[in-house]
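Source file: final_20.txt. Holds: compact mmCIF, C-alpha atoms.
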# COMPACT_ATOMS: atom_id res chain seq x y z
CA MET A 1 -111.81 193.38 168.47
CA GLY A 2 -113.84 191.32 166.03
CA PHE A 3 -113.73 188.33 168.31
CA LEU A 4 -114.80 190.33 171.36
CA ASP A 5 -117.52 192.11 169.41
CA ASN A 6 -118.89 188.77 168.29
CA LEU A 7 -118.72 187.45 171.84
CA PHE A 8 -120.76 190.38 173.12
CA GLY A 9 -123.24 190.22 170.26
CA LYS A 10 -122.11 193.19 168.22
CA PRO A 11 -121.72 191.89 164.70
CA SER A 12 -119.74 193.96 162.25
CA ALA A 13 -122.69 194.60 159.91
CA ASN A 14 -124.17 196.86 162.61
CA HIS A 15 -120.98 198.89 162.65
CA ALA A 16 -121.08 199.10 158.87
CA LYS A 17 -124.68 200.30 158.85
CA ASN A 18 -124.19 202.89 161.58
CA ARG A 19 -121.01 204.25 160.01
CA LEU A 20 -122.54 204.35 156.55
CA GLN A 21 -125.62 206.18 157.85
CA LEU A 22 -123.43 209.05 159.04
CA VAL A 23 -121.12 209.01 156.03
CA LEU A 24 -124.05 209.12 153.58
CA ILE A 25 -125.74 212.05 155.32
CA HIS A 26 -122.56 214.07 155.08
CA ASP A 27 -121.89 213.00 151.48
CA ARG A 28 -125.42 213.99 150.48
CA VAL A 29 -125.65 217.42 152.09
CA ASN A 30 -121.97 218.31 152.15
CA LEU A 31 -122.27 219.58 155.70
CA ASN A 32 -119.83 218.75 158.48
CA SER A 33 -120.37 218.86 162.22
CA ALA A 34 -118.31 222.07 162.61
CA THR A 35 -120.65 223.90 160.22
CA ILE A 36 -123.65 222.61 162.14
CA GLU A 37 -122.16 223.94 165.39
CA LEU A 38 -121.67 227.38 163.80
CA LEU A 39 -125.23 227.30 162.52
CA LYS A 40 -126.46 226.33 165.97
CA ASP A 41 -124.72 229.34 167.54
CA ASP A 42 -126.25 231.67 164.95
CA ILE A 43 -129.73 230.26 165.51
CA ILE A 44 -129.39 230.58 169.30
CA ASN A 45 -128.26 234.21 168.94
CA ALA A 46 -131.08 235.08 166.56
CA ILE A 47 -133.82 233.48 168.65
CA SER A 48 -132.48 234.73 171.99
CA LYS A 49 -133.10 238.31 170.83
CA HIS A 50 -136.84 237.65 170.92
CA ILE A 51 -137.47 234.63 173.11
CA ASP A 52 -135.94 233.35 176.33
CA ILE A 53 -134.35 229.98 175.58
CA ASP A 54 -131.83 227.74 177.28
CA PRO A 55 -128.83 227.52 174.87
CA SER A 56 -127.62 224.23 176.39
CA SER A 57 -130.83 222.36 175.51
CA VAL A 58 -130.94 223.38 171.84
CA ARG A 59 -130.54 220.49 169.40
CA ILE A 60 -129.85 220.91 165.68
CA GLU A 61 -129.80 217.69 163.68
CA ILE A 62 -130.05 216.41 160.14
CA GLU A 63 -132.92 214.00 159.79
CA GLN A 64 -133.55 211.66 156.89
CA GLN A 65 -136.79 211.16 155.04
CA GLY A 66 -136.30 208.61 152.30
CA ARG A 67 -133.45 210.04 150.22
CA SER A 68 -133.95 213.63 151.31
CA GLN A 69 -132.49 215.33 154.32
CA LYS A 70 -133.99 218.01 156.51
CA LEU A 71 -132.52 220.16 159.19
CA VAL A 72 -134.46 219.79 162.42
CA ALA A 73 -134.11 222.26 165.29
CA ASP A 74 -135.45 221.44 168.72
CA ILE A 75 -135.46 224.64 170.78
CA PRO A 76 -137.25 224.45 174.15
CA ILE A 77 -138.59 227.79 175.39
CA ARG A 78 -138.06 228.74 179.04
CA PRO A 79 -141.27 229.07 181.02
CA HIS A 80 -142.49 232.63 181.51
CA SER A 81 -141.17 233.80 184.86
CA GLY A 82 -143.30 236.96 185.08
CA LYS A 83 -140.21 239.16 185.08
CA LYS A 84 -139.98 242.05 182.66
CA GLN A 85 -137.48 241.54 179.86
CA MET B 1 -140.23 198.98 117.86
CA ALA B 2 -138.92 201.59 120.28
CA ALA B 3 -136.08 200.32 122.41
CA ASN B 4 -135.61 200.96 126.10
CA VAL B 5 -132.12 202.23 126.81
CA LEU B 6 -130.87 200.55 129.99
CA THR B 7 -127.63 201.77 131.57
CA VAL B 8 -125.83 199.68 134.18
CA THR B 9 -123.53 201.70 136.43
CA SER B 10 -122.07 201.56 139.96
CA GLY B 11 -119.56 204.22 140.93
CA LYS B 12 -117.12 201.69 142.38
CA GLY B 13 -115.27 199.32 140.07
CA GLY B 14 -115.31 195.56 140.37
CA VAL B 15 -118.83 195.15 141.73
CA GLY B 16 -120.07 193.18 138.72
CA LYS B 17 -121.41 195.69 136.16
CA THR B 18 -120.10 193.92 133.08
CA THR B 19 -121.24 190.51 134.33
CA THR B 20 -124.66 192.01 135.02
CA VAL B 21 -124.91 193.53 131.53
CA ALA B 22 -123.86 190.27 129.85
CA ASN B 23 -126.32 188.21 131.87
CA ILE B 24 -129.30 190.54 131.50
CA ALA B 25 -128.55 190.74 127.77
CA VAL B 26 -128.52 186.97 127.22
CA ALA B 27 -131.57 186.53 129.47
CA LEU B 28 -133.54 189.08 127.43
CA ALA B 29 -132.30 187.57 124.15
CA ASN B 30 -133.30 184.15 125.46
CA ASP B 31 -136.82 185.50 126.01
CA GLY B 32 -136.91 186.48 122.34
CA LYS B 33 -136.06 190.15 122.69
CA LYS B 34 -133.85 192.04 120.22
CA VAL B 35 -130.91 193.31 122.23
CA VAL B 36 -127.78 195.36 121.52
CA CYS B 37 -125.12 195.90 124.19
CA ILE B 38 -122.79 198.89 124.07
CA ASP B 39 -119.50 198.74 125.98
CA GLY B 40 -119.06 202.24 127.40
CA ASP B 41 -115.69 201.52 128.98
CA ILE B 42 -113.45 202.97 126.27
CA GLY B 43 -109.81 202.08 126.95
CA LEU B 44 -110.70 199.18 129.27
CA ARG B 45 -113.08 197.06 127.26
CA ASN B 46 -114.27 193.80 128.77
CA LEU B 47 -117.85 193.11 127.77
CA ASP B 48 -116.50 191.39 124.64
CA VAL B 49 -114.64 188.75 126.67
CA ILE B 50 -117.48 188.19 129.16
CA LEU B 51 -119.80 187.54 126.20
CA GLY B 52 -117.15 185.42 124.46
CA LEU B 53 -117.08 187.66 121.36
CA GLU B 54 -113.55 189.04 121.61
CA ASN B 55 -112.23 187.34 118.48
CA ARG B 56 -114.78 188.88 116.18
CA ILE B 57 -114.14 192.59 116.70
CA VAL B 58 -113.36 194.59 113.56
CA TYR B 59 -114.78 198.04 114.28
CA ASP B 60 -115.65 199.68 117.60
CA ILE B 61 -117.78 202.50 118.97
CA VAL B 62 -115.14 205.16 118.30
CA ASP B 63 -114.95 204.05 114.65
CA VAL B 64 -118.71 204.65 114.42
CA VAL B 65 -118.57 208.05 116.14
CA GLU B 66 -115.65 209.22 114.00
CA GLY B 67 -117.29 208.02 110.80
CA ARG B 68 -114.88 205.22 109.81
CA CYS B 69 -117.70 202.71 109.58
CA ARG B 70 -121.46 202.45 109.69
CA ILE B 71 -123.12 201.40 112.94
CA ARG B 72 -124.12 198.02 111.41
CA GLN B 73 -120.47 197.21 110.68
CA ALA B 74 -119.49 197.65 114.34
CA MET B 75 -122.29 195.38 115.60
CA ILE B 76 -121.10 191.85 116.37
CA ARG B 77 -123.85 189.27 116.19
CA ASP B 78 -123.80 186.67 118.97
CA LYS B 79 -124.10 183.31 117.18
CA ARG B 80 -125.92 181.76 120.14
CA PHE B 81 -128.78 184.28 119.81
CA PRO B 82 -129.70 185.65 116.40
CA GLU B 83 -131.00 188.88 117.92
CA LEU B 84 -128.17 189.72 120.35
CA PHE B 85 -125.47 192.19 119.29
CA LEU B 86 -122.45 193.89 120.82
CA ILE B 87 -120.92 197.24 119.93
CA PRO B 88 -117.46 196.99 121.51
CA ALA B 89 -115.49 199.80 123.13
CA ALA B 90 -112.26 201.02 121.57
CA GLN B 91 -109.23 199.73 123.43
CA THR B 92 -106.60 202.23 122.28
CA ARG B 93 -108.51 205.45 122.97
CA ASP B 94 -109.91 207.15 126.08
CA LYS B 95 -113.37 208.19 127.28
CA ASN B 96 -113.09 211.64 125.68
CA ALA B 97 -113.27 210.10 122.21
CA VAL B 98 -117.07 209.94 122.70
CA SER B 99 -119.42 212.63 124.04
CA PRO B 100 -122.83 212.38 125.74
CA SER B 101 -124.49 213.74 122.59
CA ASP B 102 -122.69 211.08 120.48
CA MET B 103 -124.21 208.43 122.74
CA ILE B 104 -127.69 209.93 122.45
CA ARG B 105 -127.38 210.06 118.64
CA LEU B 106 -126.08 206.48 118.49
CA CYS B 107 -128.92 205.15 120.63
CA ASP B 108 -131.54 207.10 118.68
CA GLU B 109 -130.25 205.46 115.51
CA LEU B 110 -130.61 202.00 117.12
CA ARG B 111 -133.94 202.48 118.90
CA ALA B 112 -136.16 201.62 115.95
CA GLU B 113 -134.56 198.21 115.45
CA PHE B 114 -134.29 196.87 119.00
CA ASP B 115 -136.27 196.12 122.15
CA TRP B 116 -133.35 196.80 124.45
CA ILE B 117 -130.15 198.83 124.21
CA ILE B 118 -127.96 197.99 127.22
CA ILE B 119 -125.02 200.25 128.05
CA ASP B 120 -122.18 198.99 130.25
CA SER B 121 -120.94 202.10 132.08
CA PRO B 122 -117.34 202.34 133.25
CA ALA B 123 -116.61 202.77 136.97
CA GLY B 124 -116.25 206.31 138.25
CA ILE B 125 -118.34 209.43 137.86
CA GLU B 126 -116.47 211.17 135.07
CA ARG B 127 -116.85 211.36 131.30
CA GLY B 128 -117.46 207.66 130.68
CA PHE B 129 -120.23 207.61 133.29
CA LYS B 130 -121.80 210.78 131.87
CA ASN B 131 -121.65 209.31 128.35
CA SER B 132 -123.35 206.16 129.57
CA ILE B 133 -126.26 207.76 131.43
CA ALA B 134 -126.97 210.49 128.83
CA PRO B 135 -129.23 208.33 126.62
CA ALA B 136 -130.63 206.16 129.46
CA ASP B 137 -134.36 205.59 129.96
CA ILE B 138 -133.74 203.15 132.82
CA ILE B 139 -130.67 203.17 135.07
CA VAL B 140 -129.65 200.21 137.19
CA ILE B 141 -126.99 200.60 139.88
CA VAL B 142 -125.02 197.50 140.83
CA THR B 143 -123.55 197.37 144.30
CA ASN B 144 -122.15 194.90 146.81
CA PRO B 145 -123.12 194.73 150.50
CA GLU B 146 -119.90 196.42 151.50
CA MET B 147 -118.91 199.88 152.82
CA SER B 148 -117.22 201.49 149.84
CA ALA B 149 -119.54 200.00 147.22
CA VAL B 150 -122.65 201.28 149.06
CA ARG B 151 -121.14 204.70 149.59
CA ASP B 152 -120.19 205.03 145.92
CA ALA B 153 -123.63 203.79 144.87
CA ASP B 154 -125.18 206.57 146.95
CA ARG B 155 -123.01 209.17 145.20
CA VAL B 156 -124.13 207.85 141.84
CA VAL B 157 -127.80 207.97 142.89
CA GLY B 158 -127.27 211.62 143.83
CA LEU B 159 -125.71 212.40 140.44
CA ILE B 160 -128.58 210.65 138.63
CA GLU B 161 -131.10 212.70 140.64
CA ALA B 162 -129.19 215.85 139.70
CA GLU B 163 -129.45 214.90 136.01
CA GLU B 164 -133.23 214.69 136.50
CA LYS B 165 -133.36 211.12 135.27
CA LYS B 166 -136.05 208.71 136.48
CA PRO B 167 -135.18 207.13 139.86
CA PRO B 168 -132.70 204.28 139.33
CA TYR B 169 -133.07 200.65 140.37
CA LEU B 170 -130.63 198.67 142.50
CA ILE B 171 -129.05 195.27 142.00
CA LEU B 172 -127.38 193.90 145.09
CA ASN B 173 -124.65 191.55 143.91
CA ARG B 174 -122.29 189.11 145.67
CA ILE B 175 -124.37 188.45 148.74
CA LYS B 176 -122.81 185.86 151.03
CA GLN B 177 -125.83 184.68 152.95
CA ASN B 178 -123.81 182.84 155.60
CA MET B 179 -122.02 186.10 156.47
CA VAL B 180 -125.36 187.97 156.53
CA GLN B 181 -126.76 185.38 158.95
CA ARG B 182 -123.71 185.73 161.18
CA GLY B 183 -124.26 189.49 161.19
CA ASP B 184 -121.01 190.18 159.36
CA MET B 185 -122.46 191.40 156.07
CA LEU B 186 -125.05 194.08 155.34
CA SER B 187 -128.37 192.48 154.41
CA VAL B 188 -130.57 193.49 151.48
CA ALA B 189 -132.83 195.30 153.97
CA ASP B 190 -129.84 197.19 155.43
CA VAL B 191 -128.68 198.37 152.01
CA TYR B 192 -132.22 199.39 151.05
CA ASP B 193 -132.52 201.32 154.33
CA LEU B 194 -129.34 203.20 153.54
CA LEU B 195 -129.88 203.92 149.84
CA ARG B 196 -133.69 203.99 149.52
CA VAL B 197 -133.53 202.84 145.93
CA GLU B 198 -135.97 200.23 144.62
CA VAL B 199 -134.30 196.82 144.52
CA ILE B 200 -134.76 195.00 141.20
CA GLY B 201 -132.28 192.18 141.75
CA ILE B 202 -130.59 190.16 144.46
CA VAL B 203 -127.67 188.05 143.25
CA PRO B 204 -125.83 185.65 145.55
CA GLU B 205 -122.07 185.26 145.44
CA ASP B 206 -121.43 182.43 143.00
CA GLU B 207 -118.15 180.80 141.98
CA ASN B 208 -119.76 179.87 138.69
CA THR B 209 -119.50 183.53 137.63
CA ILE B 210 -115.74 183.16 137.29
CA ILE B 211 -116.07 179.87 135.46
CA ALA B 212 -118.60 181.46 133.11
CA ALA B 213 -116.23 184.37 132.44
CA ASN B 214 -113.40 181.91 131.79
CA LYS B 215 -115.51 180.25 129.12
CA GLY B 216 -117.17 183.38 127.74
CA VAL B 217 -120.61 181.88 128.37
CA PRO B 218 -122.78 184.01 130.69
CA LEU B 219 -124.58 182.01 133.40
CA ALA B 220 -128.04 183.19 132.43
CA ILE B 221 -127.77 181.23 129.16
CA GLU B 222 -128.28 177.97 131.01
CA GLY B 223 -129.91 179.44 134.07
CA LYS B 224 -129.11 176.47 136.28
CA SER B 225 -126.85 178.21 138.78
CA ARG B 226 -128.42 180.39 141.44
CA SER B 227 -126.97 183.60 140.10
CA GLY B 228 -128.02 182.62 136.57
CA VAL B 229 -131.61 182.31 137.82
CA ALA B 230 -131.26 185.63 139.63
CA TYR B 231 -130.22 187.39 136.39
CA ARG B 232 -133.08 185.80 134.46
CA ASN B 233 -135.47 187.09 137.11
CA ILE B 234 -134.00 190.59 136.77
CA ALA B 235 -134.58 190.48 133.00
CA LYS B 236 -138.22 189.48 133.60
CA ARG B 237 -138.73 192.30 136.12
CA LEU B 238 -137.27 194.79 133.65
CA CYS B 239 -139.96 193.64 131.21
CA GLY B 240 -142.63 194.37 133.81
CA GLU B 241 -143.21 190.85 135.14
CA GLN B 242 -143.78 190.36 138.84
CA VAL B 243 -141.19 187.81 139.94
CA PRO B 244 -140.64 187.11 143.66
CA PHE B 245 -137.08 187.36 144.95
CA MET B 246 -135.38 184.00 145.42
CA LYS B 247 -134.71 182.75 148.90
CA LEU B 248 -131.06 182.95 149.85
CA ASP B 249 -130.26 179.85 151.81
CA VAL B 250 -127.07 178.75 153.41
CA ASP B 251 -125.90 175.28 152.38
CA THR B 252 -126.22 172.89 155.28
CA LEU B 253 -123.68 170.16 155.89
CA TRP B 254 -126.24 167.72 154.47
CA ASP B 255 -126.53 169.79 151.22
CA LYS B 256 -122.76 169.74 150.86
CA LEU B 257 -122.59 165.95 151.38
CA MET B 258 -125.32 165.51 148.79
CA GLN B 259 -123.35 167.60 146.30
CA ILE B 260 -120.26 165.49 146.86
CA GLY B 261 -122.44 162.43 146.43
CA LYS B 262 -123.68 163.76 143.09
CA GLY B 263 -120.11 164.25 141.96
CA ASN B 264 -120.32 168.06 141.92

Full structure transcribed into structure tokens:
Amino acid sequence: MGFLDNLFGKPSANHAKNRLQLVLIHDRVNLNSATIELLKDDIINAISKHIDIDPSSVRIEIEQQGRSQKLVADIPIRPHSGKKQ
Amino acid sequence: MAANVLTVTSGKGGVGKTTTVANIAVALANDGKKVVCIDGDIGLRNLDVILGLENRIVYDIVDVVEGRCRIRQAMIRDKRFPELFLIPAAQTRDKNAVSPSDMIRLCDELRAEFDWIIIDSPAGIERGFKNSIAPADIIVIVTNPEMSAVRDADRVVGLIEAEEKKPPYLILNRIKQNMVQRGDMLSVADVYDLLRVEVIGIVPEDENTIIAANKGVPLAIEGKSRSGVAYRNIAKRLCGEQVPFMKLDVDTLWDKLMQIGKGN
């Protein structure tokens, strides 16, 4: 693996950095991906009651700002179709 | 005089905390500062041997806390520097023999007489760590450019934030520049990106560290080796001086031949 990675220009420090980035986020906020999925479902349900959204395009992610984390939700709204709700 | 209490900690063991404490202490003492080191690693003391003072221990920190001696009696004077002292850890007790408030009281008693009180924290995040950071004005985290050391350092930063201490500083130790250049070791920039803690020291991997420990003579005393210079620079930065970081170069074949030529 190491040899092939080196051959194709993927040094191991990149792996280390990418893996650590994920590990540190989860260590810091104590939140796993299963919890985020549950949260995502709840948010979709809550918002869908009032606004027409496409559940498959909703993204919920933890973003880093310095040493602090924030939860970022990207929820595209479906264009108004003129139909009555 | 009102001493700064500096605590050196890391989370992970074996990253170079004790070596860092010993070197910063001798570098500060060399610059004319009055320094006392406290070994916070009760049960696993080592700062005494790194400083070469192991044969002179009579009393230790637990003797002071439990009232068997006065603080002065537990302070070993380093003969190389008239104003450098060590308060050793007890070897036959455990971390619970001392409490965070004991450490605060001890440091308050020493503050008037010294410029620097340097505490060598044990590895881990339990009692010994809590004892060591309780009196700290400045906290320095030592880490290596390596997965588990960086992860543990991040945990420690989180715990320090939770204690509402001032933001800590980072010393990145044991950098192998040839591995960094090959892309097989995290660089200083990578580690800073991950931890977002202000870097106060960059120390290259140096075989001389082991030789220095063998002799009980910290490298910063002579300051000829690269890591000795790095520790002296850290001491200067702690005193508020602006010192640029040294360039980490990889020895070329020519450098190596020259060293052989010089008989090194």

Which residues of chain B are close to chain A, meaning at most 9 Å apart when you count only C-alpha atoms, and how do they look as a list in words?
Glu146, Met147, Val150, Arg151, Asp154, Arg155, Gly158, Val180, Arg182, Gly183, Asp184, Met185, Leu186, Ser187, Asp190, Val191, Asp193, Leu194, Leu195, Arg196 and Val197 of chain B

Keeping C-alpha atoms for every residue in the selection just given, could you write it to a file as a PDB file, keeping the file's coordinate frame?
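Output contents, as saved in part-v1.pdb:
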ATOM      1  CA  GLU B 146    -119.900 196.420 151.500  1.00  0.00           C
ATOM      2  CA  MET B 147    -118.910 199.880 152.820  1.00  0.00           C
ATOM      3  CA  VAL B 150    -122.650 201.280 149.060  1.00  0.00           C
ATOM      4  CA  ARG B 151    -121.140 204.700 149.590  1.00  0.00           C
ATOM      5  CA  ASP B 154    -125.180 206.570 146.950  1.00  0.00           C
ATOM      6  CA  ARG B 155    -123.010 209.170 145.200  1.00  0.00           C
ATOM      7  CA  GLY B 158    -127.270 211.620 143.830  1.00  0.00           C
ATOM      8  CA  VAL B 180    -125.360 187.970 156.530  1.00  0.00           C
ATOM      9  CA  ARG B 182    -123.710 185.730 161.180  1.00  0.00           C
ATOM     10  CA  GLY B 183    -124.260 189.490 161.190  1.00  0.00           C
ATOM     11  CA  ASP B 184    -121.010 190.180 159.360  1.00  0.00           C
ATOM     12  CA  MET B 185    -122.460 191.400 156.070  1.00  0.00           C
ATOM     13  CA  LEU B 186    -125.050 194.080 155.340  1.00  0.00           C
ATOM     14  CA  SER B 187    -128.370 192.480 154.410  1.00  0.00           C
ATOM     15  CA  ASP B 190    -129.840 197.190 155.430  1.00  0.00           C
ATOM     16  CA  VAL B 191    -128.680 198.370 152.010  1.00  0.00           C
ATOM     17  CA  ASP B 193    -132.520 201.320 154.330  1.00  0.00           C
ATOM     18  CA  LEU B 194    -129.340 203.200 153.540  1.00  0.00           C
ATOM     19  CA  LEU B 195    -129.880 203.920 149.840  1.00  0.00           C
ATOM     20  CA  ARG B 196    -133.690 203.990 149.520  1.00  0.00           C
ATOM     21  CA  VAL B 197    -133.530 202.840 145.930  1.00  0.00           C
TER      22      VAL B 197
END

Is it possible to get the residues within 12 Å of (-128.8, 194.9, 144.7) (coordinates as in the file, counting only C-alpha atoms) written as number ranges by chain?
B: 8-10, 15-17, 20, 140-146, 149-150, 153, 168-175, 186-192, 195-205, 230-231, 234, 245

Just give me the residues with any atom within 6 Å of (-131.9, 220.8, 165.9), file coordinates, counting all atoms listed in the file, written as a PyMOL selection string.
chain A and resi 59-61+72-74

In Å, rounded to a single decimal, give me how far CA of Gly124 (chain B) is from CA of Gly14 (chain B).
11.0 Å

With only C-alpha atoms as the basis for distance, which of B:Arg226, B:Lys165, B:Arg68, B:Lys79 is at the shortest distance from Ala134 (chain B)?
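Result for the nearest residue to Ala134 (chain B): B:Lys165.
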
Write out as a PDB file with C-alpha atoms, keeping the file's coordinate frame the residues lying within 8 Å of region 2-7 of chain B, counting all atoms listed in the file and excluding same-chain residues fewer than 4 positions away.
ATOM      1  CA  CYS B 107    -128.920 205.150 120.630  1.00  0.00           C
ATOM      2  CA  LEU B 110    -130.610 202.000 117.120  1.00  0.00           C
ATOM      3  CA  ARG B 111    -133.940 202.480 118.900  1.00  0.00           C
ATOM      4  CA  ALA B 112    -136.160 201.620 115.950  1.00  0.00           C
ATOM      5  CA  GLU B 113    -134.560 198.210 115.450  1.00  0.00           C
ATOM      6  CA  PHE B 114    -134.290 196.870 119.000  1.00  0.00           C
ATOM      7  CA  ASP B 115    -136.270 196.120 122.150  1.00  0.00           C
ATOM      8  CA  TRP B 116    -133.350 196.800 124.450  1.00  0.00           C
ATOM      9  CA  ILE B 117    -130.150 198.830 124.210  1.00  0.00           C
ATOM     10  CA  ILE B 118    -127.960 197.990 127.220  1.00  0.00           C
ATOM     11  CA  ILE B 119    -125.020 200.250 128.050  1.00  0.00           C
ATOM     12  CA  ASP B 120    -122.180 198.990 130.250  1.00  0.00           C
ATOM     13  CA  SER B 121    -120.940 202.100 132.080  1.00  0.00           C
ATOM     14  CA  SER B 132    -123.350 206.160 129.570  1.00  0.00           C
ATOM     15  CA  ILE B 133    -126.260 207.760 131.430  1.00  0.00           C
ATOM     16  CA  PRO B 135    -129.230 208.330 126.620  1.00  0.00           C
ATOM     17  CA  ALA B 136    -130.630 206.160 129.460  1.00  0.00           C
ATOM     18  CA  ASP B 137    -134.360 205.590 129.960  1.00  0.00           C
ATOM     19  CA  ILE B 138    -133.740 203.150 132.820  1.00  0.00           C
ATOM     20  CA  ILE B 139    -130.670 203.170 135.070  1.00  0.00           C
ATOM     21  CA  VAL B 140    -129.650 200.210 137.190  1.00  0.00           C
TER      22      VAL B 140
END

Give me the residues near region 51-55 of chain A as an MDAnalysis selection string, where near means some atom within 7 Å (using only C-alpha atoms) and where sequence neighbours in that chain fewer than 3 positions away do not count.
chainID A and resid 44 47:48 58 76:78

Please indicate the distance in Å from CA of Val243 (chain B) to CA of Thr209 (chain B), rounded to one decimal place.
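Pair CA of Val243 (chain B) / CA of Thr209 (chain B) returns 22.2 Å.
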
May I have the residues within 7 Å of Ala123 (chain B) as a PyMOL selection string, using all atoms listed in the file and disregarding those fewer than 5 positions away in the same chain?
chain B and resi 10-13

re CA of Ala74 (chain B) and CA of Ile87 (chain B): distance 5.8 Å

Point out the residue among B:Gln73, B:Asp31, B:Leu106, B:Ala89 with the least atom-to-atom distance to Leu47 (chain B), counting all atoms listed in the file.
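So, comparing all the options, the nearest one is B:Ala89.
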